[in-house]
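**Q** For reference, this is target.cif, and it has mmCIF, C-alpha atoms.
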data_coords
#
loop_
_atom_site.label_atom_id
_atom_site.label_comp_id
_atom_site.auth_asym_id
_atom_site.auth_seq_id
_atom_site.Cartn_x
_atom_site.Cartn_y
_atom_site.Cartn_z
CA ARG A 1 130.60 73.29 182.83
CA GLN A 2 133.77 73.38 184.94
CA ALA A 3 135.08 70.28 183.17
CA SER A 4 134.38 71.87 179.79
CA LEU A 5 136.41 74.93 180.79
CA GLY A 6 139.27 72.83 182.12
CA LEU A 7 138.80 74.09 185.69
CA ARG A 8 138.34 70.57 187.10
CA SER A 9 139.09 67.08 185.88
CA ASP A 10 136.30 65.38 183.95
CA SER A 11 136.11 62.53 186.45
CA ASP A 12 135.73 64.81 189.49
CA ALA A 13 133.18 67.09 187.86
CA PHE A 14 131.15 64.20 186.46
CA ALA A 15 131.12 62.29 189.76
CA GLU A 16 129.78 65.30 191.66
CA ALA A 17 127.20 66.12 188.99
CA ARG A 18 126.06 62.49 188.76
CA GLN A 19 125.48 62.34 192.51
CA SER A 20 123.42 65.55 192.51
CA LEU A 21 121.35 64.48 189.51
CA LYS A 22 120.59 61.08 191.01
CA ILE A 23 119.32 62.83 194.14
CA ALA A 24 117.07 64.95 191.91
CA LEU A 25 115.75 61.80 190.21
CA SER A 26 115.07 60.14 193.57
CA ILE A 27 112.86 63.11 194.42
CA ASN A 28 111.17 63.22 191.02
CA PRO A 29 111.67 60.07 188.90
CA ARG A 30 110.14 61.89 185.90
CA ASP A 31 112.62 64.77 185.94
CA ALA A 32 113.51 64.81 182.23
CA THR A 33 116.24 67.42 182.69
CA ALA A 34 118.02 65.27 185.29
CA MET A 35 117.69 62.18 183.10
CA SER A 36 118.99 64.08 180.09
CA ARG A 37 121.99 65.44 181.97
CA LEU A 38 122.82 62.00 183.33
CA GLY A 39 122.59 60.73 179.76
CA TRP A 40 124.99 63.44 178.62
CA ILE A 41 127.49 62.54 181.36
CA ALA A 42 127.33 58.86 180.39
CA LEU A 43 127.78 59.81 176.75
CA SER A 44 130.80 61.96 177.61
CA GLN A 45 132.32 58.92 179.30
CA GLY A 46 131.64 56.71 176.29
CA LEU A 47 128.94 54.70 178.08
CA LEU A 48 126.51 54.36 175.20
CA GLU A 49 124.00 51.94 176.71
CA GLU A 50 123.80 53.88 179.99
CA ALA A 51 123.31 57.10 178.05
CA ALA A 52 120.49 55.55 176.03
CA ALA A 53 118.86 54.19 179.19
CA TYR A 54 118.60 57.75 180.56
CA LEU A 55 117.81 59.55 177.32
CA GLN A 56 114.98 57.36 176.07
CA PRO A 57 112.72 58.03 179.10
CA ALA A 58 113.78 61.70 179.08
CA LEU A 59 112.58 61.99 175.48
CA GLU A 60 109.36 60.12 176.25
CA THR A 61 108.68 62.44 179.20
CA GLU A 62 109.49 65.74 177.44
CA PRO A 63 109.60 65.29 173.65
CA GLY A 64 109.40 69.08 173.25
CA ASN A 65 112.46 69.85 175.37
CA SER A 66 115.17 71.09 173.01
CA ARG A 67 117.98 70.30 175.45
CA VAL A 68 116.78 66.70 175.73
CA LEU A 69 116.54 66.49 171.96
CA MET A 70 120.10 67.77 171.48
CA ASN A 71 121.50 65.13 173.85
CA VAL A 72 119.49 62.43 172.09
CA GLY A 73 120.80 63.70 168.76
CA GLN A 74 124.39 63.46 169.98
CA LEU A 75 123.82 59.88 171.12
CA LEU A 76 122.35 58.96 167.74
CA SER A 77 125.33 60.53 165.98
CA TYR A 78 127.70 58.48 168.13
CA LEU A 79 125.69 55.36 167.28
CA GLY A 80 126.06 56.10 163.57
CA GLN A 81 122.35 56.87 163.15
CA HIS A 82 123.03 60.08 161.23
CA GLU A 83 119.70 60.45 159.42
CA GLN A 84 117.73 60.09 162.64
CA ALA A 85 120.16 62.38 164.46
CA LEU A 86 119.63 65.13 161.87
CA LYS A 87 115.87 64.78 162.28
CA ILE A 88 116.21 65.20 166.04
CA PHE A 89 118.58 68.19 165.77
CA ARG A 90 116.30 69.92 163.24
CA ARG A 91 113.39 69.42 165.62
CA ALA A 92 115.41 71.00 168.44
CA LEU A 93 116.21 73.99 166.25
CA HIS A 94 112.56 74.35 165.26
CA LEU A 95 111.61 74.47 168.94
CA ASP A 96 114.36 76.95 169.84
CA PRO A 97 115.32 78.91 166.72
CA ALA A 98 117.25 81.57 168.66
CA SER A 99 119.51 79.02 170.34
CA ALA A 100 123.20 79.06 169.44
CA SER A 101 123.49 75.53 170.84
CA ALA A 102 120.73 74.24 168.55
CA HIS A 103 122.47 75.67 165.48
CA TRP A 104 125.87 74.43 166.67
CA ASN A 105 124.66 70.90 167.38
CA LEU A 106 122.99 70.73 163.98
CA SER A 107 126.24 71.98 162.42
CA ASP A 108 128.21 69.17 164.07
CA ALA A 109 125.71 66.56 162.88
CA LEU A 110 125.79 67.91 159.32
CA TYR A 111 129.60 67.90 159.39
CA TRP A 112 129.68 64.30 160.61
CA GLU A 113 127.16 63.34 157.91
CA GLY A 114 129.10 65.13 155.17
CA SER A 115 126.86 68.12 154.35
CA LEU A 116 129.65 70.64 154.71
CA ASP A 117 128.06 73.76 153.18
CA GLU A 118 125.01 73.60 155.44
CA ALA A 119 127.22 72.67 158.40
CA LEU A 120 129.31 75.80 157.85
CA ASN A 121 126.21 77.97 157.55
CA MET A 122 124.74 76.61 160.81
CA ALA A 123 128.03 77.12 162.66
CA ARG A 124 128.33 80.70 161.43
CA ILE A 125 124.77 81.44 162.59
CA ALA A 126 125.62 79.94 165.99
CA ARG A 127 128.62 82.20 166.21
CA ARG A 128 126.61 85.30 165.30
CA ILE A 129 124.11 84.45 168.02
CA SER A 130 126.81 83.76 170.60
CA PRO A 131 130.17 85.16 169.46
CA GLU A 132 131.86 84.51 172.80
CA THR A 133 131.05 80.78 172.96
CA TRP A 134 134.19 78.67 172.93
CA GLY A 135 134.17 75.67 170.62
CA ILE A 136 132.24 77.14 167.71
CA PRO A 137 135.41 78.43 165.97
CA ASN A 138 136.81 74.91 166.30
CA THR A 139 133.79 73.52 164.46
CA ILE A 140 134.17 76.11 161.69
CA GLY A 141 137.90 75.42 161.47
CA ASN A 142 137.33 71.68 161.13
CA ILE A 143 134.92 72.26 158.28
CA HIS A 144 137.54 74.39 156.52
CA LEU A 145 140.11 71.64 157.06
CA LYS A 146 137.75 69.08 155.55
CA ASN A 147 137.28 71.42 152.56
CA GLN A 148 141.09 71.76 152.29
CA GLU A 149 140.79 75.50 152.96
CA PHE A 150 143.84 75.54 155.19
CA ASP A 151 144.49 79.30 155.38
CA ALA A 152 140.86 79.91 156.35
CA ALA A 153 141.10 77.14 158.94
CA LEU A 154 144.24 78.68 160.46
CA ARG A 155 142.55 82.08 160.75
CA VAL A 156 139.49 80.78 162.53
CA PHE A 157 141.43 78.47 164.85
CA SER A 158 143.32 81.56 166.04
CA GLU A 159 139.98 82.81 167.42
CA GLU A 160 139.18 79.65 169.42
CA GLY A 161 138.99 80.23 173.18
CA THR A 162 139.56 76.64 174.30
CA LYS A 163 143.35 76.57 174.30
CA GLU A 164 143.82 72.86 173.62
CA LEU A 165 141.36 72.97 170.70
CA LYS A 166 143.11 76.05 169.36
CA ALA A 167 146.50 74.29 169.53
CA THR A 168 145.13 71.12 167.91
CA GLY A 169 143.44 72.84 164.99
CA THR A 170 146.34 75.22 164.48
CA ALA A 171 148.77 72.29 164.36
CA MET A 172 146.70 70.49 161.76
CA ALA A 173 146.36 73.57 159.57
CA LEU A 174 150.08 74.39 159.83
CA TYR A 175 151.02 70.85 158.88
CA SER A 176 148.79 71.04 155.78
CA LEU A 177 150.39 74.38 154.85
CA ASP A 178 153.86 72.77 155.15
CA ARG A 179 154.81 75.24 157.89
CA LEU A 180 156.60 72.47 159.73
CA PRO A 181 158.65 74.36 162.38
CA GLU A 182 155.48 76.14 163.55
CA PHE A 183 153.58 72.85 163.41
CA ARG A 184 156.20 71.24 165.63
CA ASP A 185 155.88 74.09 168.14
CA GLN A 186 152.12 73.53 168.39
CA LEU A 187 152.49 69.77 168.74
CA ASP A 188 155.13 70.26 171.43
CA LEU A 189 152.74 72.59 173.23
CA LEU A 190 149.99 69.97 173.14
CA GLU A 191 152.27 67.20 174.36
CA THR A 192 153.70 69.38 177.14
CA ARG A 193 150.49 70.88 178.48
CA TRP A 194 147.71 68.38 177.70
CA SER A 195 149.28 64.92 177.56
CA LYS A 196 147.39 63.81 180.68
CA GLU A 197 144.05 65.56 180.20
CA ARG A 198 143.59 65.46 176.40
CA PRO A 199 145.63 62.66 174.81
CA ALA A 200 142.86 62.16 172.23
CA LEU A 201 143.58 65.59 170.75
CA ILE A 202 147.26 64.68 170.39
CA ALA A 203 146.21 61.43 168.72
CA SER A 204 144.10 63.39 166.27
CA VAL A 205 147.13 65.43 165.14
CA TYR A 206 149.15 62.27 164.53
CA ILE A 207 146.26 60.73 162.58
CA TRP A 208 146.01 63.90 160.49
CA LYS A 209 149.71 63.76 159.60
CA GLY A 210 149.52 60.04 158.87
CA ASP A 211 151.69 58.84 161.76
CA ILE A 212 149.37 56.02 162.75
CA ASP A 213 151.76 54.18 165.10
CA GLN A 214 152.22 57.31 167.21
CA ALA A 215 148.47 57.92 167.05
CA TYR A 216 147.74 54.55 168.64
CA ASP A 217 150.04 55.32 171.56
CA TRP A 218 147.94 58.40 172.30
CA LEU A 219 144.64 56.62 171.60
CA GLU A 220 145.52 54.00 174.20
CA ARG A 221 146.30 56.75 176.70
CA ALA A 222 142.98 58.42 175.91
CA ALA A 223 141.09 55.18 176.47
CA HIS A 224 142.97 54.53 179.72
CA THR A 225 142.33 57.99 181.13
CA GLY A 226 138.74 58.29 179.89
CA ASP A 227 139.41 61.39 177.80
CA ARG A 228 135.96 62.48 176.64
CA ARG A 229 137.44 63.95 173.44
CA LEU A 230 138.14 60.40 172.27
CA TYR A 231 134.53 59.72 171.30
CA LYS A 232 134.16 62.62 168.87
CA LEU A 233 137.49 61.62 167.35
CA ILE A 234 136.02 58.21 166.52
CA ILE A 235 133.30 59.67 164.30
CA ASP A 236 135.22 62.71 163.01
CA PRO A 237 135.43 62.52 159.19
CA LEU A 238 138.72 64.45 159.30
CA LEU A 239 140.35 61.45 160.92
CA ALA A 240 138.92 58.65 158.80
CA GLY A 241 142.45 57.87 157.60
CA ILE A 242 142.88 55.51 160.55
CA HIS A 243 139.75 53.47 159.83
CA ASP A 244 141.42 51.06 157.40
CA ASP A 245 144.21 50.21 159.82
CA PRO A 246 143.85 46.60 161.06
CA ARG A 247 144.18 47.77 164.68
CA TRP A 248 141.19 50.13 164.48
CA ILE A 249 138.26 47.73 164.98
CA PRO A 250 140.00 45.81 167.81
CA PHE A 251 140.70 49.16 169.49
CA LEU A 252 137.05 50.15 169.18
CA ASP A 253 135.94 46.75 170.41
CA GLY A 254 138.07 47.19 173.52
CA ILE A 255 136.24 50.37 174.51
CA GLY A 256 132.75 49.15 173.54
CA TRP A 257 132.53 51.26 170.39
CA SER A 258 132.91 48.82 167.49
CA PRO A 259 130.29 49.13 164.72
CA ASP A 260 128.63 45.92 165.91
CA GLN A 261 128.55 47.07 169.54
CA ARG A 262 127.04 50.42 168.58
CA ALA A 263 124.48 48.72 166.34
CA ARG A 264 123.39 46.49 169.22
CA VAL A 265 122.83 49.51 171.45
CA ALA A 266 120.87 51.26 168.70
CA SER A 267 118.66 48.20 168.21
CA ARG A 268 117.63 48.09 171.89
CA PHE A 269 116.28 51.65 172.08
CA ASP A 270 113.67 53.66 170.21
CA PHE A 271 114.16 57.40 169.74
CA ASP A 272 111.45 58.02 167.14
CA LEU A 273 109.53 61.25 167.70
#
For the structure just supplied, provide its representation as structure tokens.
**A**
Amino acid sequence: RQASLGLRSDSDAFAEARQSLKIALSINPRDATAMSRLGWIALSQGLLEEAAAYLQPALETEPGNSRVLMNVGQLLSYLGQHEQALKIFRRALHLDPASASAHWNLSDALYWEGSLDEALNMARIARRISPETWGIPNTIGNIHLKNQEFDAALRVFSEEGTKELKATGTAMALYSLDRLPEFRDQLDLLETRWSKERPALIASVYIWKGDIDQAYDWLERAAHTGDRRLYKLIIDPLLAGIHDDPRWIPFLDGIGWSPDQRARVASRFDFDL
């Protein structure tokens, strides 16, 4: 939680949480919540096989735990298993229909899969349930960007509470509206304040504007620092413009995320309900 709010570095927060969760598992090896949280930490660090190794037994132990299901769904999305991920996320929502997180996670999966109308509907429901939750406006804004609704995107990004997400989305919307001085101000803000913690977000802006050489500089920084935002960037349909670049697959291969590497992880685990 503290890492998500920017109060501590990801590495420090994850190391402390991992230690506590492993103690919990040593006491109760069938603690599905501990396994699921360890899986989420591994996933946030891009460690797909480690995440799967925790999440498969968590799902087997508590297949009716919506939190476990949502973490499994995120893993499947990262592995490119979008149909199975949607099945998992819909199951989580069925089990916990009043959960903002269940609606939000389903929205993300629908967005990644390309079902934008339903994704927008799920995100708006999540926001009605939990209007103060940071991150949901970012999801809605990204859907508007994908739909080329740039004014709507700019409005909703202005309501995002996570400052670096707000700056990123605002920059992308301003660039698409050809408001270039304001765009430059937002990009300067990102590069000044978040170059160390969130280089992946800066890379995403450069991908959006088509400056692929600059994007790779920031992608390499993100990989080096372990920026957890890198992994959503990889599957974000907004940023597919980099996928045809000849450097893309070698870059993914270097961090263990090439299509072949992800397919091998997917083949070694079974997340059927």
**Q** Of the candidates A:Tyr78, A:Arg193, A:Lys166, A:Ala109, which one gets nearest to Leu233 (chain A) if we count all atoms listed in the file?
**A**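 Checking each of A:Tyr78, A:Arg193, A:Lys166, A:Ala109 against Leu233 (chain A), counting all atoms listed in the file, the winner is A:Tyr78.
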**Q** Give me, as a PDB file with C-alpha atoms, in the coordinates of the input, all polymer residues having an atom no more than 12 Å from Gly46 (chain A), counting only C-alpha atoms and skipping those fewer than 5 positions away in the same chain.
**A**
ATOM      1  CA  GLY A  39     122.590  60.730 179.760  1.00  0.00           C
ATOM      2  CA  TRP A  40     124.990  63.440 178.620  1.00  0.00           C
ATOM      3  CA  ILE A  41     127.490  62.540 181.360  1.00  0.00           C
ATOM      4  CA  ALA A  51     123.310  57.100 178.050  1.00  0.00           C
ATOM      5  CA  ALA A  52     120.490  55.550 176.030  1.00  0.00           C
ATOM      6  CA  GLN A  74     124.390  63.460 169.980  1.00  0.00           C
ATOM      7  CA  LEU A  75     123.820  59.880 171.120  1.00  0.00           C
ATOM      8  CA  TYR A  78     127.700  58.480 168.130  1.00  0.00           C
ATOM      9  CA  LEU A  79     125.690  55.360 167.280  1.00  0.00           C
ATOM     10  CA  ALA A 222     142.980  58.420 175.910  1.00  0.00           C
ATOM     11  CA  ALA A 223     141.090  55.180 176.470  1.00  0.00           C
ATOM     12  CA  THR A 225     142.330  57.990 181.130  1.00  0.00           C
ATOM     13  CA  GLY A 226     138.740  58.290 179.890  1.00  0.00           C
ATOM     14  CA  ASP A 227     139.410  61.390 177.800  1.00  0.00           C
ATOM     15  CA  ARG A 228     135.960  62.480 176.640  1.00  0.00           C
ATOM     16  CA  ARG A 229     137.440  63.950 173.440  1.00  0.00           C
ATOM     17  CA  LEU A 230     138.140  60.400 172.270  1.00  0.00           C
ATOM     18  CA  TYR A 231     134.530  59.720 171.300  1.00  0.00           C
ATOM     19  CA  LYS A 232     134.160  62.620 168.870  1.00  0.00           C
ATOM     20  CA  LEU A 233     137.490  61.620 167.350  1.00  0.00           C
ATOM     21  CA  ILE A 234     136.020  58.210 166.520  1.00  0.00           C
ATOM     22  CA  LEU A 252     137.050  50.150 169.180  1.00  0.00           C
ATOM     23  CA  GLY A 254     138.070  47.190 173.520  1.00  0.00           C
ATOM     24  CA  ILE A 255     136.240  50.370 174.510  1.00  0.00           C
ATOM     25  CA  GLY A 256     132.750  49.150 173.540  1.00  0.00           C
ATOM     26  CA  TRP A 257     132.530  51.260 170.390  1.00  0.00           C
ATOM     27  CA  SER A 258     132.910  48.820 167.490  1.00  0.00           C
ATOM     28  CA  ARG A 262     127.040  50.420 168.580  1.00  0.00           C
TER      29      ARG A 262
END
**Q** Within 7 Å of (118.2, 72.1, 165.2), all atoms listed in the file: residues as a JSON list (two decimals) with C-alpha atoms, in the coordinates of the input?
**A**
[["chain", "number", "residue", "atom", "x", "y", "z"],
["A", 89, "PHE", "CA", 118.58, 68.19, 165.77],
["A", 90, "ARG", "CA", 116.30, 69.92, 163.24],
["A", 91, "ARG", "CA", 113.39, 69.42, 165.62],
["A", 92, "ALA", "CA", 115.41, 71.00, 168.44],
["A", 93, "LEU", "CA", 116.21, 73.99, 166.25],
["A", 94, "HIS", "CA", 112.56, 74.35, 165.26],
["A", 102, "ALA", "CA", 120.73, 74.24, 168.55],
["A", 103, "HIS", "CA", 122.47, 75.67, 165.48],
["A", 105, "ASN", "CA", 124.66, 70.90, 167.38],
["A", 106, "LEU", "CA", 122.99, 70.73, 163.98]]
**Q** So that I can check the surroundings of region 22-31 of chain A, please list as a list in words every protein, DNA and RNA residue that reaches within 8 Å of it, counting all atoms listed in the file and ignoring chain neighbours fewer than 3 positions away.
**A**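 With the cut-off at 8 Å, the set is Arg18, Gln19, Ala34, Met35, Ala58 and Thr61 of chain A.
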**Q** May I have the residues from that selection written out with C-alpha atoms, as a compact mmCIF listing (two decimals), in the frame of the given file?
**A**
# COMPACT_ATOMS: atom_id res chain seq x y z
CA ARG A 18 126.06 62.49 188.76
CA GLN A 19 125.48 62.34 192.51
CA ALA A 34 118.02 65.27 185.29
CA MET A 35 117.69 62.18 183.10
CA ALA A 58 113.78 61.70 179.08
CA THR A 61 108.68 62.44 179.20
**Q** Which one of A:Ala13, A:Leu47, A:Ala32, A:Ile235 sits closest to Leu69 (chain A) if you count all atoms listed in the file?
**A**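 Using all atoms listed in the file, Leu69 (chain A) sits closest to A:Ala32.
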